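Presented below is the structure to which this report refers.
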Amino acid sequence: MARKILYVEDNPANKMLVRRVLEAQGYEVIEADDGLSGIRKAQEVRPDLILMDINLPGMDGYEAATKIKSIETLKHVPIVALTANVMQGDRERSLAAGCDGYLPKPIDIDQLIEQVEAFLAGKREEVSADERAIYLEEHTRRLVDKLEAKVLELEKANAELRELDRLKSEFVSTVSHELRTPLNIIIGHAELLHDELFGELNEHQKRYVGNILRSARHLLDLVEDILDLSKIESGRMDLRLEPFDVREAINEVCVLLEDMAKNKGVELRVNLHPDLDRIVADRLRFKQIIYNLVSNGIKFTPEGGYVEVRGRRLPNGWYQFEVEDTGIGIPKEHFDTIFERFRQLDSSASREWEGTGLGLTLTREFVRLHGGKIDVDSVVGQGTTFTVLLPPH
């Protein structure tokens with residue numbers, strides 16, 4: 001089997017020349033254009049010898065050699081440094097960085113095969129302990145300087161991202177607040193019209209007013225969800241933990257959703273363990289968690305199905321709440337993505353089910369703010385169960 005030589009070089013002419021010479025002698029030549037790709041190729045092919053140009057773009061040959069020698073499976077692979085910039089100390093610097101030999105450029109083609117065979121046979125160049133210490137310290141300092149420069153660069157980029165995120169949150173919050181007031185006015189006036197307080201409406205007029213109400217409420221829901229998400233992302237969402245009657249809270253949610261379930265022909269069930277009475281949590285956010293999961297279940301459950309809310313206290317003191325439906329189900333490949341913002345299983349413009357696309361995102365965030373966990377299990381065509389675990393406080 002041909003012995004493998006990895007040649008890390010960014011100059012095409014040099015690569016072509018060396019490849020021809022080595023392949024003519026039966027060697028297999030693998031090429032890389034820079035330090036990073038050289039490290040990757042070395043890990044992939046496990047070469048018998050590495051010819052490393054020192055003056056590479058990005059990560060230079062010194063750094064690449066040091067990294068390769070730190071990899072357990074490559075630490076015994078000989079590395080020969082190549083450089084056209086022959087300066088005092090280059091050889092010692094290369095050996096201190098982990099190289100086993102040093103060849104100046106331009107490469108002497110007549111001597112190359114002999115030199116390659118010598119390194120493959122075990123030749124290793126040495127420097128004195130004092131020289132190694134001096135150049136190793138210099139090499140280490142260069143690596144530290146590069147690392148510090150990268151850290152500063154990342155810190156600057158992170159600061160800019162934080163500022164952009166702050167401006168985005170501020171903009172979203174301002175726009176949402178500005179939208180909320182006119183929407184509430186539209187909804188209020190539309191309700192007055194719908195209830196015929198300004199006079200009787202014919203069927204067409206009532207249907208149009210009903211469409212206005214539904215659309216305005218849907219938009220207001222979206223605004224409220226965006227405001228909540230903005231608060232969470234900016235760290236301004238504070239929980240008001242207090243003890244409350246968990247049965248009462250869940251029943252209040254189900255009362256709100258009774259009409260929605262009835263209109264869909266979906267049975268709404270509540271099955272709470274007799275010992276489940278009070279919980280310490282944020283009452284409003286807890287109700288939002290249950291509301292989002294139950295309304296989601298109703299939305300995706302066909303006529304004749306059911307949505308059931310179950311709750312119990314676990315032996316370890318945690319609270320477990322399950323919302324099960326007999327709906328369309330969720331494919332397993334979507335289990336992770338359904339909690340992403342604005343993610344909807346049916347993303348087509350003509351989708352059957354309305355929604356903001358933020359309900360499950362907010363549900364997960366509210367659960368996390370409580371220190372809890374949320375999980376999903378589903379079978380397509382049979383239904384879905386969301387499980388929420390909340391810790392005792």
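A note on labels: chains of the structure tokens are A, B, ... as shown, every chain counts residues from 1, and ligands are counted from 1 in their shown order.
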### Message
Neighbouring residues of range 21-26 of chain A were defined as those with any atom within 8 Å, considering only C-alpha atoms; residues of the same chain fewer than 5 positions away were excluded. Please report them as JSON, numbers by chain.
### Response
{"A": [2, 3, 109, 113]}
### Task
Run DSSP on the backbone of this structure and report the residues of range 153-374 of chain A it assigns to alpha helix (DSSP H), as a ChimeraX atom specification.
/A:153-194,203-233,246-264,283-299,359-369
Include C-alpha atoms and write out the residues we just selected as a short mmCIF file (atom, residue, chain, number, x, y, z; two decimals), in the first residue's frame.
data_model
loop_
_atom_site.label_atom_id
_atom_site.label_comp_id
_atom_site.auth_asym_id
_atom_site.auth_seq_id
_atom_site.Cartn_x
_atom_site.Cartn_y
_atom_site.Cartn_z
CA GLU A 153 -13.49 40.40 18.65
CA LEU A 154 -16.18 38.07 20.02
CA GLU A 155 -16.91 40.37 22.96
CA LYS A 156 -17.40 43.28 20.57
CA ALA A 157 -19.68 41.21 18.33
CA ASN A 158 -21.67 40.03 21.36
CA ALA A 159 -22.05 43.60 22.62
CA GLU A 160 -23.35 44.67 19.20
CA LEU A 161 -25.77 41.73 19.13
CA ARG A 162 -27.01 42.55 22.64
CA GLU A 163 -27.62 46.16 21.61
CA LEU A 164 -29.46 45.05 18.46
CA ASP A 165 -31.53 42.65 20.54
CA ARG A 166 -32.35 45.43 23.03
CA LEU A 167 -33.41 47.77 20.22
CA LYS A 168 -35.50 45.00 18.66
CA SER A 169 -37.26 44.25 21.95
CA GLU A 170 -37.81 47.96 22.57
CA PHE A 171 -39.26 48.40 19.08
CA VAL A 172 -41.52 45.35 19.39
CA SER A 173 -42.75 46.48 22.81
CA THR A 174 -43.46 50.04 21.61
CA VAL A 175 -45.26 48.93 18.45
CA SER A 176 -47.28 46.32 20.37
CA HIS A 177 -48.41 48.88 22.95
CA GLU A 178 -49.34 51.31 20.18
CA LEU A 179 -51.41 48.61 18.44
CA ARG A 180 -53.16 47.44 21.59
CA THR A 181 -55.16 50.66 22.19
CA PRO A 182 -56.74 51.03 18.72
CA LEU A 183 -57.45 47.28 18.61
CA ASN A 184 -59.32 47.43 21.91
CA ILE A 185 -61.36 50.37 20.56
CA ILE A 186 -62.16 48.42 17.37
CA ILE A 187 -63.18 45.36 19.39
CA GLY A 188 -65.30 47.43 21.78
CA HIS A 189 -67.19 49.20 19.00
CA ALA A 190 -67.60 45.98 17.02
CA GLU A 191 -69.09 44.28 20.09
CA LEU A 192 -71.59 47.13 20.49
CA LEU A 193 -72.59 46.76 16.84
CA HIS A 194 -72.75 42.96 17.10
CA GLU A 203 -77.75 38.74 8.54
CA HIS A 204 -75.12 40.06 6.13
CA GLN A 205 -74.25 42.97 8.41
CA LYS A 206 -74.04 40.71 11.47
CA ARG A 207 -71.72 38.32 9.61
CA TYR A 208 -69.44 41.17 8.54
CA VAL A 209 -69.29 42.57 12.09
CA GLY A 210 -68.56 39.05 13.36
CA ASN A 211 -65.64 38.80 10.92
CA ILE A 212 -64.31 42.15 12.16
CA LEU A 213 -64.52 40.94 15.78
CA ARG A 214 -62.76 37.62 15.08
CA SER A 215 -59.98 39.27 13.08
CA ALA A 216 -59.42 42.03 15.65
CA ARG A 217 -59.35 39.54 18.54
CA HIS A 218 -56.92 37.33 16.62
CA LEU A 219 -54.65 40.33 16.01
CA LEU A 220 -54.91 41.37 19.68
CA ASP A 221 -53.93 37.82 20.72
CA LEU A 222 -50.88 38.07 18.48
CA VAL A 223 -49.94 41.47 19.95
CA GLU A 224 -50.28 40.14 23.52
CA ASP A 225 -48.20 37.06 22.67
CA ILE A 226 -45.46 39.17 21.07
CA LEU A 227 -45.40 41.43 24.14
CA ASP A 228 -45.04 38.44 26.45
CA LEU A 229 -42.28 36.93 24.31
CA SER A 230 -40.49 40.28 24.19
CA LYS A 231 -40.59 40.49 28.00
CA ILE A 232 -39.23 36.96 28.35
CA GLU A 233 -36.40 37.53 25.87
CA VAL A 246 -55.44 24.67 41.07
CA ARG A 247 -58.88 23.11 40.44
CA GLU A 248 -60.49 26.52 40.35
CA ALA A 249 -57.86 27.85 37.93
CA ILE A 250 -58.24 24.91 35.53
CA ASN A 251 -62.04 25.08 35.66
CA GLU A 252 -61.89 28.82 34.84
CA VAL A 253 -59.82 28.01 31.75
CA CYS A 254 -62.26 25.31 30.66
CA VAL A 255 -65.22 27.67 31.07
CA LEU A 256 -63.48 30.13 28.74
CA LEU A 257 -63.02 27.39 26.15
CA GLU A 258 -66.46 25.76 26.46
CA ASP A 259 -67.94 27.53 23.45
CA MET A 260 -64.90 26.79 21.30
CA ALA A 261 -65.14 23.08 22.16
CA LYS A 262 -68.93 23.02 21.66
CA ASN A 263 -68.67 24.70 18.25
CA LYS A 264 -66.11 22.09 17.16
CA ARG A 283 -51.63 32.02 38.64
CA LEU A 284 -51.94 34.04 35.41
CA ARG A 285 -49.07 32.24 33.66
CA PHE A 286 -50.28 28.84 34.89
CA LYS A 287 -53.70 29.53 33.38
CA GLN A 288 -52.01 30.60 30.13
CA ILE A 289 -50.11 27.29 30.03
CA ILE A 290 -53.31 25.28 30.42
CA TYR A 291 -55.27 27.59 28.09
CA ASN A 292 -52.70 27.32 25.29
CA LEU A 293 -52.50 23.53 25.50
CA VAL A 294 -56.27 22.97 25.75
CA SER A 295 -57.14 25.46 22.98
CA ASN A 296 -54.44 23.87 20.82
CA GLY A 297 -55.99 20.45 21.45
CA ILE A 298 -59.49 21.66 20.57
CA LYS A 299 -58.18 23.35 17.44
CA GLY A 359 -48.76 29.63 21.82
CA LEU A 360 -46.48 26.64 22.32
CA THR A 361 -43.38 28.85 22.39
CA LEU A 362 -44.83 30.90 25.25
CA THR A 363 -46.09 27.77 26.99
CA ARG A 364 -42.59 26.31 27.04
CA GLU A 365 -41.09 29.60 28.26
CA PHE A 366 -43.69 29.97 31.05
CA VAL A 367 -42.95 26.39 32.14
CA ARG A 368 -39.19 27.06 32.10
CA LEU A 369 -39.63 30.27 34.12
#
### Nearby residues (only C-alpha atoms) at most 6 Å from Asp325 in chain A, same-chain spacing under 4 positions excluded, as a count of residues only
5
### Query
What separation in Å, quoted to one decimal, exists between CA of Lys69 in chain A and CA of Ile134 in chain A?
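Answer for the CA of Lys69 in chain A to CA of Ile134 in chain A separation: 19.2 Å.
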### Residue neighbourhood range 94-97 of chain A, 9 Å, only C-alpha atoms, exclusion window fewer than 6 positions, as a ChimeraX atom specification
/A:54,61-66,69,80-81,125-127,131-137,139-140
Please produce a file of the residues just selected, as an mmCIF file, in the first residue's frame, where the atoms kept are C-alpha atoms.
data_model
loop_
_atom_site.group_PDB
_atom_site.id
_atom_site.type_symbol
_atom_site.label_atom_id
_atom_site.label_comp_id
_atom_site.auth_asym_id
_atom_site.auth_seq_id
_atom_site.Cartn_x
_atom_site.Cartn_y
_atom_site.Cartn_z
ATOM 1 C CA ILE A 54 4.473 27.763 7.683
ATOM 2 C CA GLY A 61 1.703 26.329 10.058
ATOM 3 C CA TYR A 62 3.078 26.780 13.600
ATOM 4 C CA GLU A 63 -0.407 26.744 15.108
ATOM 5 C CA ALA A 64 -1.602 23.901 12.866
ATOM 6 C CA ALA A 65 1.426 21.770 13.812
ATOM 7 C CA THR A 66 0.839 22.389 17.528
ATOM 8 C CA LYS A 69 0.573 17.122 17.766
ATOM 9 C CA VAL A 80 8.221 18.786 8.321
ATOM 10 C CA ALA A 81 8.009 22.587 8.225
ATOM 11 C CA GLU A 125 15.707 17.163 14.188
ATOM 12 C CA GLU A 126 16.416 18.481 17.667
ATOM 13 C CA VAL A 127 17.076 21.800 19.364
ATOM 14 C CA GLU A 131 16.471 27.094 22.600
ATOM 15 C CA ARG A 132 13.294 25.037 22.837
ATOM 16 C CA ALA A 133 12.251 26.878 26.005
ATOM 17 C CA ILE A 134 12.887 30.301 24.424
ATOM 18 C CA TYR A 135 11.007 29.597 21.212
ATOM 19 C CA LEU A 136 8.264 27.638 22.957
ATOM 20 C CA GLU A 137 7.608 30.657 25.175
ATOM 21 C CA HIS A 139 5.191 30.495 20.289
ATOM 22 C CA THR A 140 2.920 30.297 23.328
#
### Residues of range 9-82 of chain A in strand (DSSP E), written as a list in words
Glu28, Val29, Ile30, Glu31, Ala32, Leu49, Ile50, Leu51, Met52, Asp53, Ile79, Val80, Ala81 and Leu82 of chain A
### Message
What does the structure give for the distance between CA of Phe321 in chain A and CA of His393 in chain A, in Å to one decimal?
### Response
16.1 Å
### Query
CA of Gly311 in chain A and CA of Val270 in chain A, how far apart in Å?
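Value for the CA of Val270 in chain A-CA of Gly311 in chain A distance: 8.6 Å.
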